[in-house]
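Scroll down for the structure; my scribbles are underneath it.
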Amino acid sequence: MKNRKHRVKKILVWAVATAFLALSVWPWQANAASAVKPIAAPSKKIQAQDFDPKPGDFKAAVVMDYKTKKILYAYNSEVSRSAASLTKLTGALVFLDTKPSWNKVVSIQKKDEVGGGRLRVASGATLTVRDTVYSSIVGSANNAATALARISGLGLTKFVRQMNAKAKALGCTNTKFKDPSGMDPENVTTAADMAKIAAAAFSRAEIRSPATTAKYTFRILNTGEVKTIRNTNQLLLDENNGLYVMGGKTGYLDEAKNNLVLRVRPDRQNAKQELIIVVLGAETKAQLFEATQRLAQWTWSAYDWRTPALAANYGSSAP
């Protein structure tokens with residue numbers, strides 16, 4: 001009898017302890033669960049009109065919400081197009097993977113000359129790795145981009161192989177690179193794939209910094225010559241276009257026409273409405289920049305960054 005009472009007492013103590021533990025843990029679990037909230041994707045307003053491209057605007061385009069990666073606009077987004085100098089973004093990502101020393105002195109060699117836009121220096125000109133990266137991104141210099149592959153330690157063939165591996169790792173299924181500069185028209189991608197590459201590239205400060213630099217000046221070390229390179233992205237240079245550019249890269253080949261990728265906000269503080277915009281195949285530079293600007297403004301007008309319920313009820317832009 002005594003043993004039975006003892007067992008009952010132990011069971012009661014255990015039950016009380018378990019209940020106390022459950023009550024003390026439950027609020028913490030609830031708070032932890034409520035603390036992790038998924039980011040709400042923007043929703044299209046009920047009354048929003050579809051974007052109406054003009055003739056010559058582009059052959060393919062994508063607008064993607066930067067935070068959630070939701071596609072907000074797509075036109076021929078899975079059609080393969082020549083990437084041109086947009087190729088350099090993937091090359092820059094692969095080069096960063098080698099963990100380069102930014103102040104290391106390197107040179108531009110004759111073997112780096114592949115034609116097209118170039119850093120105008122003689123063979124053997126010395127400069128820092130930083131200056132080489134900026135020349136590749138700011139000025140879209142093909143010899144600088146090729147030099148980065150050469151000095152990476154991978155060798156040109158392996159460097160391009162790594163570019164293709166990088167694209168695949170980012171979820172690109174229709175992208176293939178043949179050279180690091182973009183001069184080969186068989187560097188192909190799609191607007192959907194390039195949005196993924198641009199989001200990854202512009203998330204890196206080492207790429208985002210030159211991609212938002214309007215003008216860059218540096219010195220050729222072995223000659224003392226001062227070089228100034230200017231960004232080819234006109235949307236970065238225009239302070240009155242209603243765009244706060246967080247990264248951008250242009251590209252042109254006869255086979256590609258005019259290409260542009262952009263990471264952009266409506267203003268500096270508004271990170272909520274940040275976009276990745278890809279425009280491929282615009283007939284002229286003027287149409288390239290004008291169409292991209294219209295796509296940004298249309299998206300901010302057509303979508304609401306509040307919850308879907310609020311968007312449906314109010315149909316107005318998030319403040």
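Ordered as shown in the structure tokens, chains take letters A, B, and onward, while each chain numbers its residues from 1 and ligands are numbered from 1 in the order shown.
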
| task | Enumerate, as a ChimeraX atom specification, the complete set of residues in segment 175-238 of chain A that a backbone-based DSSP assignment places in strand (DSSP E or B). | result | /A:176,188-189,215-219,226-230

| task | Name all residues at most 10 Å from segment 155-158 of chain A (count only C-alpha atoms; drop same-chain ones fewer than 6 positions away) and give them as a count of residues only. | result | 8

| Of the candidates A:Glu78, A:Glu186, A:Asp52, A:Glu206, which shows the shortest atom-to-atom distance to Lys99 of chain A, using only C-alpha atoms? |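 Smallest distance to Lys99 of chain A is found for A:Glu206.
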
| Contacts of Leu89 of chain A within 10 Å, only C-alpha atoms, excl. fewer than 2 positions in-chain, as an NGL selection string | :A and (85-87 or 91-95 or 136-137 or 145 or 163 or 180-182 or 194 or 197-198 or 200-202 or 207 or 211 or 248-249 or 261)

Write a file of the selected residues as a CSV table (one decimal), in the first residue's frame, keeping C-alpha atoms.
chain,number,residue,atom,x,y,z
A,85,SER,CA,28.7,42.4,-72.3
A,86,LEU,CA,26.1,41.2,-69.7
A,87,THR,CA,28.5,38.2,-69.8
A,91,GLY,CA,32.9,36.6,-65.1
A,92,ALA,CA,33.1,39.0,-62.2
A,93,LEU,CA,31.3,36.5,-59.9
A,94,VAL,CA,33.8,33.8,-60.8
A,95,PHE,CA,36.7,36.1,-60.4
A,136,SER,CA,35.6,45.7,-66.9
A,137,ILE,CA,32.4,46.8,-65.2
A,145,ALA,CA,37.5,41.4,-68.6
A,163,MET,CA,31.2,30.7,-65.5
A,180,PRO,CA,34.5,36.1,-70.4
A,181,SER,CA,34.2,39.4,-72.2
A,182,GLY,CA,30.9,38.9,-74.2
A,194,MET,CA,19.9,37.0,-66.6
A,197,ILE,CA,22.6,36.4,-62.5
A,198,ALA,CA,22.1,40.1,-62.0
A,200,ALA,CA,23.5,37.6,-57.5
A,201,ALA,CA,26.1,39.9,-59.0
A,202,PHE,CA,24.5,43.1,-57.6
A,207,ILE,CA,30.5,44.3,-58.2
A,211,ALA,CA,28.2,49.1,-61.4
A,248,GLY,CA,23.5,48.2,-63.8
A,249,LYS,CA,25.3,46.8,-66.8
A,261,VAL,CA,20.3,44.8,-66.5
